[in-house]
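The block underneath contains the structure these notes are about, expressed in structure tokens.
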Amino acid sequence: MSELTNMLDGKLYKSADSQLAEMRNKARKLCRQFNNTDETQIEQRTEILKQLLGKMGENCFVEPNFTCDYGCHIFVGDNFYANFGCVILDVNKVTIGNNVMFAPSVHIFTATHPTDPFVRNSGLELGHPITIGDNVWIGGNCTINPGVTIGNNCVIGSGSVVTHDIPDNSIAVGNPCRVVKSIDVDKDYWMQQYNEYFLKNPTNNQ
């Protein structure tokens with residue numbers, strides 16, 4: 001089996017493999033090109049992201065600086081926004097749903113290392129996939145660890161370190177990140193705010 005196959009299967013692999021090194025170099029070049037664009041070059045940014053990512057949906061916007069390992073293992077749905085300083089180590093698959101927002105400095109790490117020092121020092125690594133559902137907001141300075149799934153409609157509070165799965169419709173915070181309440185608790189409040197806004201601004205589209 002190739003080192004790429006081992007990597008994507010979540011098995012130990014050698015990151016120094018020539019094929020993987022070539023893939024990383026391609027991603028770094030595209031990231032550098034993306035990060036060197038200015039705020040008027042929106043179309044150019046979009047084209048670079050299409051070359052870099054495994055999938056990019058409609059209406060996606062990523063602020064520089066953006067950094068990833070391979071890019072081709074990142075699959076993004078529609079209406080995605082990533083604020084400044086996003087880092088995605090995609091040695092395994094990262095799946096991001098529709099209507100997802102990242103605040104500044106969101107870090108997603110599929111990459112990990114053996115805890116045994118002998119095996120770790122041999123240069124063998126591994127990674128586990130990460131999945132983020134639809135309608136999710138990840139707060140600033142959050143870290144998403146390998147193998148985690150974040151369900152639909154979740155909010156992850158700023159500074160959280162997500163080490164375990166977060167179920168649908170949860171507000172979760174902390175290190176380690178834990179569920180503190182359901183999204184539904186605040187639903188009446190936010191619907192009231194929403195309706196009041198459009199009463200005061202009737203010419204705006206809902």
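Identifiers in the structure tokens: chain A, B, ... in order shown; residue index from 1 per chain; ligand index from 1 in order shown.
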
Practice task
Find the residues around stretch 102-109 of chain A up to 8 Å (only C-alpha atoms counted), leave out those fewer than 3 positions away in its own chain, and share them as an MDAnalysis selection string.
Solution key: chainID A and resid 81:90 112 137:146

How would the residues just picked look written out with C-alpha atoms as a PDB file, in the first residue's frame?
ATOM      1  CA  TYR A  81     -16.788  31.733   5.702  1.00  0.00           C
ATOM      2  CA  ALA A  82     -13.390  31.461   7.394  1.00  0.00           C
ATOM      3  CA  ASN A  83     -11.962  34.508   9.132  1.00  0.00           C
ATOM      4  CA  PHE A  84      -8.257  35.347   9.468  1.00  0.00           C
ATOM      5  CA  GLY A  85      -5.669  32.782  10.485  1.00  0.00           C
ATOM      6  CA  CYS A  86      -7.443  29.510   9.703  1.00  0.00           C
ATOM      7  CA  VAL A  87      -5.163  26.448   9.786  1.00  0.00           C
ATOM      8  CA  ILE A  88      -6.290  23.015   8.572  1.00  0.00           C
ATOM      9  CA  LEU A  89      -3.903  20.072   8.838  1.00  0.00           C
ATOM     10  CA  ASP A  90      -5.678  17.754   6.417  1.00  0.00           C
ATOM     11  CA  THR A 112      -1.636  13.164  15.283  1.00  0.00           C
ATOM     12  CA  TRP A 137     -20.406  28.518  14.045  1.00  0.00           C
ATOM     13  CA  ILE A 138     -16.901  27.902  15.432  1.00  0.00           C
ATOM     14  CA  GLY A 139     -15.679  30.667  17.752  1.00  0.00           C
ATOM     15  CA  GLY A 140     -12.274  32.331  17.704  1.00  0.00           C
ATOM     16  CA  ASN A 141      -9.130  30.457  18.745  1.00  0.00           C
ATOM     17  CA  CYS A 142     -10.870  27.085  18.730  1.00  0.00           C
ATOM     18  CA  THR A 143      -8.963  23.857  18.148  1.00  0.00           C
ATOM     19  CA  ILE A 144     -10.707  20.830  16.619  1.00  0.00           C
ATOM     20  CA  ASN A 145      -8.770  17.638  17.362  1.00  0.00           C
ATOM     21  CA  PRO A 146      -8.419  14.476  15.242  1.00  0.00           C
TER      22      PRO A 146
END

Practice task
Per DSSP on the backbone, filter stretch 11-183 of chain A down to the residues in helix (DSSP H, G or I) and report them as a PyMOL selection string.
Solution key: chain A and resi 18-35+42-52+117-121+183

Nearby residues (only C-alpha atoms) at most 10 Å from A:Phe75, same-chain spacing under 6 positions excluded, as a PDB file with N, CA, C and O atoms, in the first residue's frame:
ATOM      1  N   LEU A  53      -8.581  23.097  -2.880  1.00  0.00           N
ATOM      2  CA  LEU A  53      -9.456  22.266  -2.066  1.00  0.00           C
ATOM      3  C   LEU A  53      -9.998  21.076  -2.849  1.00  0.00           C
ATOM      4  O   LEU A  53     -10.137  21.120  -4.074  1.00  0.00           O
ATOM      5  N   GLY A  54     -10.363  20.023  -2.118  1.00  0.00           N
ATOM      6  CA  GLY A  54     -10.985  18.864  -2.751  1.00  0.00           C
ATOM      7  C   GLY A  54     -12.363  19.187  -3.289  1.00  0.00           C
ATOM      8  O   GLY A  54     -12.778  18.675  -4.333  1.00  0.00           O
ATOM      9  N   LYS A  55     -13.088  20.045  -2.588  1.00  0.00           N
ATOM     10  CA  LYS A  55     -14.394  20.521  -3.040  1.00  0.00           C
ATOM     11  C   LYS A  55     -14.660  21.868  -2.394  1.00  0.00           C
ATOM     12  O   LYS A  55     -14.371  22.066  -1.205  1.00  0.00           O
ATOM     13  N   MET A  56     -15.191  22.798  -3.168  1.00  0.00           N
ATOM     14  CA  MET A  56     -15.607  24.089  -2.633  1.00  0.00           C
ATOM     15  C   MET A  56     -16.983  24.408  -3.185  1.00  0.00           C
ATOM     16  O   MET A  56     -17.173  24.482  -4.406  1.00  0.00           O
ATOM     17  N   GLY A  57     -17.952  24.595  -2.289  1.00  0.00           N
ATOM     18  CA  GLY A  57     -19.306  24.898  -2.710  1.00  0.00           C
ATOM     19  C   GLY A  57     -19.460  26.336  -3.186  1.00  0.00           C
ATOM     20  O   GLY A  57     -18.482  27.078  -3.359  1.00  0.00           O
ATOM     21  N   LYS A  93      -9.301  13.303   5.893  1.00  0.00           N
ATOM     22  CA  LYS A  93     -10.404  14.048   5.299  1.00  0.00           C
ATOM     23  C   LYS A  93     -11.032  15.021   6.292  1.00  0.00           C
ATOM     24  O   LYS A  93     -11.306  14.666   7.440  1.00  0.00           O
ATOM     25  N   VAL A  94     -11.259  16.251   5.830  1.00  0.00           N
ATOM     26  CA  VAL A  94     -12.000  17.267   6.586  1.00  0.00           C
ATOM     27  C   VAL A  94     -13.244  17.611   5.782  1.00  0.00           C
ATOM     28  O   VAL A  94     -13.148  18.107   4.654  1.00  0.00           O
ATOM     29  N   THR A  95     -14.409  17.341   6.358  1.00  0.00           N
ATOM     30  CA  THR A  95     -15.682  17.604   5.686  1.00  0.00           C
ATOM     31  C   THR A  95     -16.409  18.717   6.431  1.00  0.00           C
ATOM     32  O   THR A  95     -16.658  18.605   7.635  1.00  0.00           O
ATOM     33  N   ILE A  96     -16.740  19.775   5.716  1.00  0.00           N
ATOM     34  CA  ILE A  96     -17.399  20.943   6.297  1.00  0.00           C
ATOM     35  C   ILE A  96     -18.719  21.145   5.559  1.00  0.00           C
ATOM     36  O   ILE A  96     -18.745  21.226   4.321  1.00  0.00           O
ATOM     37  N   GLY A  97     -19.827  21.231   6.292  1.00  0.00           N
ATOM     38  CA  GLY A  97     -21.147  21.313   5.688  1.00  0.00           C
ATOM     39  C   GLY A  97     -21.493  22.681   5.137  1.00  0.00           C
ATOM     40  O   GLY A  97     -20.630  23.544   4.939  1.00  0.00           O
ATOM     41  N   THR A 131     -15.335  15.897  10.861  1.00  0.00           N
ATOM     42  CA  THR A 131     -16.562  16.278  10.163  1.00  0.00           C
ATOM     43  C   THR A 131     -17.255  17.401  10.930  1.00  0.00           C
ATOM     44  O   THR A 131     -17.440  17.303  12.146  1.00  0.00           O
TER      45      THR A 131
END

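Nearest-residue note for A:Gly157: choosing from A:Ile48, A:Met1, A:Ala172, A:Cys60, the minimum distance belongs to A:Ala172, counting only C-alpha atoms.
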
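Compared by their closest atoms to A:Pro64, and using only C-alpha atoms, the residues A:Glu22, A:Asp165, A:Asp134, A:Glu39 rank with A:Glu39 nearest.
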
Practice task
Identify all residues of stretch 2-204 of chain A in strand (DSSP E) (DSSP on the backbone) and supply them as a PyMOL selection string.
Solution key: chain A and resi 13-14+55-56+61-62+66-68+74-76+81-82+86-89+94-96+101-102+107-109+111-112+124-127+130-132+137-138+143-144+149-150+155-156+161-162+170-173+178-182

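Distance check against A:Ile156 using only C-alpha atoms: of A:Trp190, A:Asn92, A:Val100, A:Gln19, the minimum falls on A:Val100.
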
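Residues in contact range of A:Val91, defined as at most 8 Å between only C-alpha atoms, with sequence neighbours fewer than 3 positions away removed, read Met7, Leu8, Asp69, Tyr70, His73, Thr110, Ala111, Leu126, Gly127 and His128 of chain A.
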
Keeping only N, CA, C and O atoms, write the selected residues to a file as a tab-separated table (two decimals), in the first residue's frame.
chain	number	residue	atom	x	y	z
A	7	MET	N	-2.16	6.85	4.93
A	7	MET	CA	-2.51	8.10	5.59
A	7	MET	C	-4.02	8.30	5.62
A	7	MET	O	-4.61	8.60	6.67
A	8	LEU	N	-4.67	8.11	4.46
A	8	LEU	CA	-6.11	8.35	4.37
A	8	LEU	C	-6.92	7.25	5.06
A	8	LEU	O	-8.07	7.46	5.42
A	69	ASP	N	-2.23	21.56	4.89
A	69	ASP	CA	-1.18	20.61	4.52
A	69	ASP	C	-1.28	20.16	3.07
A	69	ASP	O	-0.30	20.18	2.33
A	70	TYR	N	-2.46	19.71	2.67
A	70	TYR	CA	-2.66	19.16	1.33
A	70	TYR	C	-3.76	19.87	0.56
A	70	TYR	O	-3.71	19.96	-0.66
A	73	HIS	N	-7.79	17.28	0.59
A	73	HIS	CA	-8.58	16.45	1.51
A	73	HIS	C	-9.60	17.28	2.28
A	73	HIS	O	-10.22	16.79	3.23
A	110	THR	N	-6.39	17.15	11.79
A	110	THR	CA	-6.60	15.70	11.66
A	110	THR	C	-5.32	14.95	12.01
A	110	THR	O	-5.36	13.75	12.27
A	111	ALA	N	-4.19	15.63	12.00
A	111	ALA	CA	-2.90	14.98	12.21
A	111	ALA	C	-2.65	14.68	13.69
A	111	ALA	O	-2.99	15.47	14.56
A	126	LEU	N	0.09	9.54	11.87
A	126	LEU	CA	-1.23	9.10	11.45
A	126	LEU	C	-2.22	10.25	11.60
A	126	LEU	O	-1.89	11.29	12.19
A	127	GLY	N	-3.42	10.05	11.06
A	127	GLY	CA	-4.45	11.08	11.16
A	127	GLY	C	-5.83	10.48	11.14
A	127	GLY	O	-6.03	9.36	10.66
A	128	HIS	N	-6.80	11.23	11.68
A	128	HIS	CA	-8.18	10.77	11.75
A	128	HIS	C	-9.09	11.88	11.21
A	128	HIS	O	-8.86	13.06	11.47

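If you look at atom CA of A:Asn175 and atom CA of A:Phe118, they are 28.7 Å away from each other.
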
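The spacing separating atom CA of A:Val136 from atom CA of A:Glu196 amounts to 23.9 Å.
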
Problem - Gap from atom CA of A:Tyr13 to atom CA of A:Leu49 - Å, one decimal - result: 26.9 Å
